[in-house]
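Enquirer: Please read through the structure below; I'll follow up with questions.
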Amino acid sequence: MEEANVLNFSFLQLLSFVLLWAIIGGLPAFYLFYARDRNPRLGAALGVVVGVVMGTWLSANNLLNEQTFLNSIAILWLAMLLVGFFLPAGTHSRRVTIQQRIADLAYGLLMPTFLIVMAIVVVPMIWNLLFAFRPVRMRNLPTVDLFGLNDLTLNNFDRVFAARSGQFWNILSTTLFYTFAGSILAIFMGLVAALLVKDRFPGRNVFRGFLLFPYIAPVVSLAFIWQMFLNARFGLINELVASMGGRRIDFLTTPGWALLMIILFQGWRYFPFAFLFILARIQAIPADMYEAAQVDGAAPSQRLWYITLPQLRAVFGTLFLLRFIWTFNKFDDVFLLTGGVAGTEVLPVQIYNQLFSRQNVGTAAATAVVMAVILFIIIGIYFRWFLVEEV
């Protein structure tokens, strides 16, 4: 961090500067006043003022660099700690309502998590959005002004949608098909697995643990195993096909077969997640319902269709939503298995290729923004018309 003067800041720089120093000053002051049974909100307000004033003074005097920044935080927090030793205990908890005390406690417990999420999720999302509207390439990334707004452009989005021969729309359709098929397959396999182990039999617990293997094993090792199984020259699958007089197929480089294989891999790898949800809900279904149906002469298939599946509708809805979001954003499975060749390139792989192969940060960021918008639209449609709630 070079020496910076607050007088020369742009709007975004000034906003980020104020927020940073407000957090540095306000957060410890909140806990200090809370520990001394004084109004923590008043303490946070005072801390915000002290933090912003301190940061502004350092910046205005050209003293703000990496070392002084860290030293200033240490001095500020140490000073507040010393103040806490001499600050007499108050009676704030006895002067406010129980609701107010609960609210203060909730703020104290949630603020660290909120700030961490802001730092590692929200702030990168904001900068990704800014990069989507700027002509940023990998070679000039070290010198780019993160807060600059003077070179905004829509050229990145033009490149995304005007890709050669409608490439973006082909990739989008592949992504949606892969996402829908992979999500449904994982849930179906999870349902089958849950139905198999819901009743007692010797070794049931061991078998249940074995079913979790695809989900807990490292994805790199699993992808390597699948590549060995599906290899055209020495893979187990092709050896079986050849032994029966069939023609060897390179499953991971042949269009059609490659997409089918990554969908099968997706369903196999993530069905244990659905299995755990579905099994827990099945075990919560009252046994009286099954006993009554059995007394009335209902066959096992009828008990499944009229009792078990209706009870699982809300679980299916939740699982589909979660699996759809995660699969839509999935990168490593496709990249490790096929690298995006043979018609298996999905949007996350395209972002990777734009960023590291073409070294175009702006276009990659624009694709990520388009991808997020599409996902929000699909999720909005789901919540509006297809959401299933437990009753």
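All residue names refer to the structure tokens as shown: chains lettered A, B, ... in order, residues numbered from 1 in each chain, ligands numbered from 1 in order.
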Find the spatial neighbours of segment 91-93 of chain A, counting only C-alpha atoms, within a cut-off of 9 Å - ignore same-chain residues fewer than 2 positions away - and output them as JSON, numbers by chain.
Expert: {"A": [34, 36, 37, 38, 39, 40, 89, 95, 96, 97, 98, 100, 101]}
Enquirer: How about saving the chosen residues, C-alpha atoms kept, as a PDB file, in the first residue's frame?
Expert:
```pdb
ATOM      1  CA  TYR A  34     -21.005  -4.388  25.705  1.00  0.00           C
ATOM      2  CA  ARG A  36     -18.720  -2.949  30.437  1.00  0.00           C
ATOM      3  CA  ASP A  37     -22.562  -3.077  30.392  1.00  0.00           C
ATOM      4  CA  ARG A  38     -22.891   0.192  28.538  1.00  0.00           C
ATOM      5  CA  ASN A  39     -24.822   0.990  25.370  1.00  0.00           C
ATOM      6  CA  PRO A  40     -22.895  -0.948  22.695  1.00  0.00           C
ATOM      7  CA  ALA A  89     -19.329  -0.618  34.590  1.00  0.00           C
ATOM      8  CA  ARG A  95     -32.299   0.170  31.727  1.00  0.00           C
ATOM      9  CA  VAL A  96     -33.403  -1.479  28.480  1.00  0.00           C
ATOM     10  CA  THR A  97     -35.975  -4.090  27.575  1.00  0.00           C
ATOM     11  CA  ILE A  98     -35.239  -7.788  27.157  1.00  0.00           C
ATOM     12  CA  GLN A 100     -33.157  -4.693  23.278  1.00  0.00           C
ATOM     13  CA  ARG A 101     -30.662  -6.885  25.166  1.00  0.00           C
TER      14      ARG A 101
END
```
Enquirer: Hey, which bits of segment 126-234 of chain A sit within 10 Å of segment 347-359 of chain A, and for each residue what's the closest pair of atoms and how far apart in Å (one decimal), counting only C-alpha atoms, rows by chain and increasing number, as JSON lines?
Expert:
```
{"residue": "A:Val136", "atom": "CA", "partner": "A:Gln359", "partner_atom": "CA", "distance": 9.2}
{"residue": "A:Arg137", "atom": "CA", "partner": "A:Gln359", "partner_atom": "CA", "distance": 5.9}
{"residue": "A:Met138", "atom": "CA", "partner": "A:Gln359", "partner_atom": "CA", "distance": 5.0}
{"residue": "A:Arg139", "atom": "CA", "partner": "A:Gln359", "partner_atom": "CA", "distance": 7.6}
{"residue": "A:Val160", "atom": "CA", "partner": "A:Gln354", "partner_atom": "CA", "distance": 10.0}
{"residue": "A:Phe168", "atom": "CA", "partner": "A:Leu347", "partner_atom": "CA", "distance": 8.3}
{"residue": "A:Ile171", "atom": "CA", "partner": "A:Leu347", "partner_atom": "CA", "distance": 6.4}
{"residue": "A:Leu172", "atom": "CA", "partner": "A:Leu347", "partner_atom": "CA", "distance": 6.6}
{"residue": "A:Ser173", "atom": "CA", "partner": "A:Leu347", "partner_atom": "CA", "distance": 9.7}
{"residue": "A:Thr174", "atom": "CA", "partner": "A:Leu347", "partner_atom": "CA", "distance": 8.7}
{"residue": "A:Thr175", "atom": "CA", "partner": "A:Leu347", "partner_atom": "CA", "distance": 6.4}
{"residue": "A:Leu176", "atom": "CA", "partner": "A:Leu347", "partner_atom": "CA", "distance": 9.5}
```
Enquirer: Using only C-alpha atoms, find each residue of segment 236-333 of chain A with at least one atom at most 12 Å away from an atom of segment 374-388 of chain A; report its shortest atom-to-atom pair and that distance in Å (one decimal), sort the rows by chain and rising residue number, and return the result as JSON lines.
Expert:
```
{"residue": "A:Pro310", "atom": "CA", "partner": "A:Val388", "partner_atom": "CA", "distance": 11.0}
{"residue": "A:Gln311", "atom": "CA", "partner": "A:Val388", "partner_atom": "CA", "distance": 11.2}
{"residue": "A:Leu312", "atom": "CA", "partner": "A:Val388", "partner_atom": "CA", "distance": 10.0}
{"residue": "A:Arg313", "atom": "CA", "partner": "A:Val388", "partner_atom": "CA", "distance": 6.7}
{"residue": "A:Ala314", "atom": "CA", "partner": "A:Val388", "partner_atom": "CA", "distance": 5.1}
{"residue": "A:Val315", "atom": "CA", "partner": "A:Val388", "partner_atom": "CA", "distance": 8.4}
{"residue": "A:Phe316", "atom": "CA", "partner": "A:Val388", "partner_atom": "CA", "distance": 8.3}
{"residue": "A:Gly317", "atom": "CA", "partner": "A:Val388", "partner_atom": "CA", "distance": 5.7}
{"residue": "A:Thr318", "atom": "CA", "partner": "A:Val388", "partner_atom": "CA", "distance": 7.9}
{"residue": "A:Leu319", "atom": "CA", "partner": "A:Val388", "partner_atom": "CA", "distance": 10.9}
{"residue": "A:Phe320", "atom": "CA", "partner": "A:Tyr382", "partner_atom": "CA", "distance": 10.1}
{"residue": "A:Leu321", "atom": "CA", "partner": "A:Ile379", "partner_atom": "CA", "distance": 7.7}
{"residue": "A:Leu322", "atom": "CA", "partner": "A:Ile379", "partner_atom": "CA", "distance": 10.2}
{"residue": "A:Arg323", "atom": "CA", "partner": "A:Ile379", "partner_atom": "CA", "distance": 11.8}
{"residue": "A:Phe324", "atom": "CA", "partner": "A:Ile379", "partner_atom": "CA", "distance": 9.1}
{"residue": "A:Ile325", "atom": "CA", "partner": "A:Leu375", "partner_atom": "CA", "distance": 7.4}
{"residue": "A:Trp326", "atom": "CA", "partner": "A:Leu375", "partner_atom": "CA", "distance": 10.6}
{"residue": "A:Thr327", "atom": "CA", "partner": "A:Leu375", "partner_atom": "CA", "distance": 11.0}
{"residue": "A:Phe328", "atom": "CA", "partner": "A:Leu375", "partner_atom": "CA", "distance": 7.8}
{"residue": "A:Asn329", "atom": "CA", "partner": "A:Leu375", "partner_atom": "CA", "distance": 9.2}
```
Enquirer: From the DSSP assignment of the backbone, select every residue of segment 50-252 of chain A that is helix (DSSP H, G or I), and format the answer as an MDAnalysis selection string.
Expert: chainID A and resid 50:60 66:86 92:95 98:132 138:143 155:161 164:197 204:211 213:216 219:230 236:243
Enquirer: Name the closest residue to Val220 of chain A among the candidates A:Ala274, A:Val334, A:Ala287, A:Leu191; distances are taken between atoms, counting only C-alpha atoms.
Expert: A:Val334
Enquirer: Applying 7 Å and only C-alpha atoms, which residues near Val48 of chain A remain after dropping the ones on its own chain fewer than 2 positions away? List them as a PDB file with C-alpha atoms, in the first residue's frame.
Expert:
```pdb
ATOM      1  CA  ALA A  22     -15.442   2.714  10.452  1.00  0.00           C
ATOM      2  CA  ILE A  23     -15.199  -1.066  10.913  1.00  0.00           C
ATOM      3  CA  GLY A  25     -12.940   1.674  15.011  1.00  0.00           C
ATOM      4  CA  GLY A  26     -16.559   0.633  15.503  1.00  0.00           C
ATOM      5  CA  ALA A  44     -19.894   1.580  18.069  1.00  0.00           C
ATOM      6  CA  ALA A  45     -20.849   5.092  16.948  1.00  0.00           C
ATOM      7  CA  LEU A  46     -18.011   6.630  18.953  1.00  0.00           C
ATOM      8  CA  VAL A  50     -12.538   7.751  16.159  1.00  0.00           C
ATOM      9  CA  GLY A  51     -11.572   5.276  13.426  1.00  0.00           C
ATOM     10  CA  VAL A  52     -12.546   7.536  10.524  1.00  0.00           C
TER      11      VAL A  52
END
```
Enquirer: Which residue out of A:Ser243, A:Leu87, A:Leu337, A:Phe147 has the minimum interatomic distance to Leu32 of chain A when only C-alpha atoms are used?
Expert: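 Using only C-alpha atoms, the shortest distance to Leu32 of chain A belongs to A:Leu87.
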Enquirer: For segment 114-129 of chain A, find every residue with an atom within 7 Å (counting only C-alpha atoms), except residues of its own chain fewer than 4 positions away, and show them as a list in words.
Expert: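 Within the cut-off, the hits are Leu110, Ala365 and Val369 of chain A.
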Enquirer: For C-alpha atoms, I'd like the residues from the last selection saved as a CSV table (one decimal), in the first residue's frame.
Expert:
```
chain,number,residue,atom,x,y,z
A,110,LEU,CA,-23.4,-12.0,14.0
A,365,ALA,CA,-16.0,-11.2,-15.4
A,369,VAL,CA,-22.1,-11.7,-14.4
```
Enquirer: I'd like the neighbourhood of segment 302-309 of chain A as a list in words, where a residue qualifies if any of its atoms comes within 9 Å (using only C-alpha atoms), though same-chain residues fewer than 4 positions away should be ignored.
Expert: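 Once the nearby chain positions are removed, what remains is Ile282, Ile285, Met289, Tyr290, Ala293, Gln294, Ala298 and Arg313 of chain A.
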Enquirer: Considering only C-alpha atoms, tabulate each residue of segment 134-219 of chain A that lies at most 6 Å from segment 251-273 of chain A along with its nearest interatomic pair and the corresponding distance in Å to one decimal; arrange the rows by chain and ascending residue number and present them as a Markdown table.
Expert:
```
| residue | atom | partner | partner_atom | distance |
| --- | --- | --- | --- | --- |
| A:Gly182 | CA | A:Ile263 | CA | 5.0 |
| A:Leu185 | CA | A:Gly267 | CA | 5.0 |
| A:Ala186 | CA | A:Gly267 | CA | 3.9 |
| A:Met189 | CA | A:Phe271 | CA | 5.7 |
| A:Gly190 | CA | A:Phe271 | CA | 4.7 |
| A:Leu212 | CA | A:Pro272 | CA | 5.3 |
| A:Pro214 | CA | A:Arg269 | CA | 4.8 |
| A:Tyr215 | CA | A:Arg269 | CA | 5.6 |
```
Enquirer: Determine the nearest neighbour of Gly343 of chain A from the options A:Phe133, A:Arg159, A:Pro88, A:Phe177, counting only C-alpha atoms.
Expert: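 Among the listed residues, A:Phe177 lies closest to Gly343 of chain A.
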Enquirer: Mind checking which residues fall within 9 Å of Leu76 of chain A, counting only C-alpha atoms, ignoring those fewer than 2 positions away in the same chain, and posting them as a list in words?
Expert: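 With the cut-off at 9 Å, the set is Ile24, Gly25, Val50, Gly51, Met54, Asn71, Ser72, Ile73, Ala74, Leu78, Ala79, Met80 and Leu81 of chain A.
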Enquirer: Convert the current residue selection to file output with C-alpha atoms, as a compact mmCIF listing (two decimals), in the first residue's frame.
Expert:
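Output below, filename out24.txt:
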```txt
# COMPACT_ATOMS: atom_id res chain seq x y z
CA ILE A 24 -11.72 -0.82 12.45
CA GLY A 25 -12.94 1.67 15.01
CA VAL A 50 -12.54 7.75 16.16
CA GLY A 51 -11.57 5.28 13.43
CA MET A 54 -7.67 8.60 12.72
CA ASN A 71 0.55 0.02 13.55
CA SER A 72 -2.46 2.35 13.67
CA ILE A 73 -4.87 -0.54 14.07
CA ALA A 74 -2.74 -2.04 16.85
CA LEU A 78 -4.71 -1.28 22.43
CA ALA A 79 -5.95 2.17 23.47
CA MET A 80 -9.52 0.90 23.54
CA LEU A 81 -8.47 -2.08 25.61
```
Enquirer: Just checking: using only C-alpha atoms, which residue out of A:Asn205, A:Asn360, A:Phe275, A:Asn8 ends up closest to Asn62 of chain A?
Expert: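 Checking each candidate against Asn62 of chain A, we get A:Asn8 as the closest.
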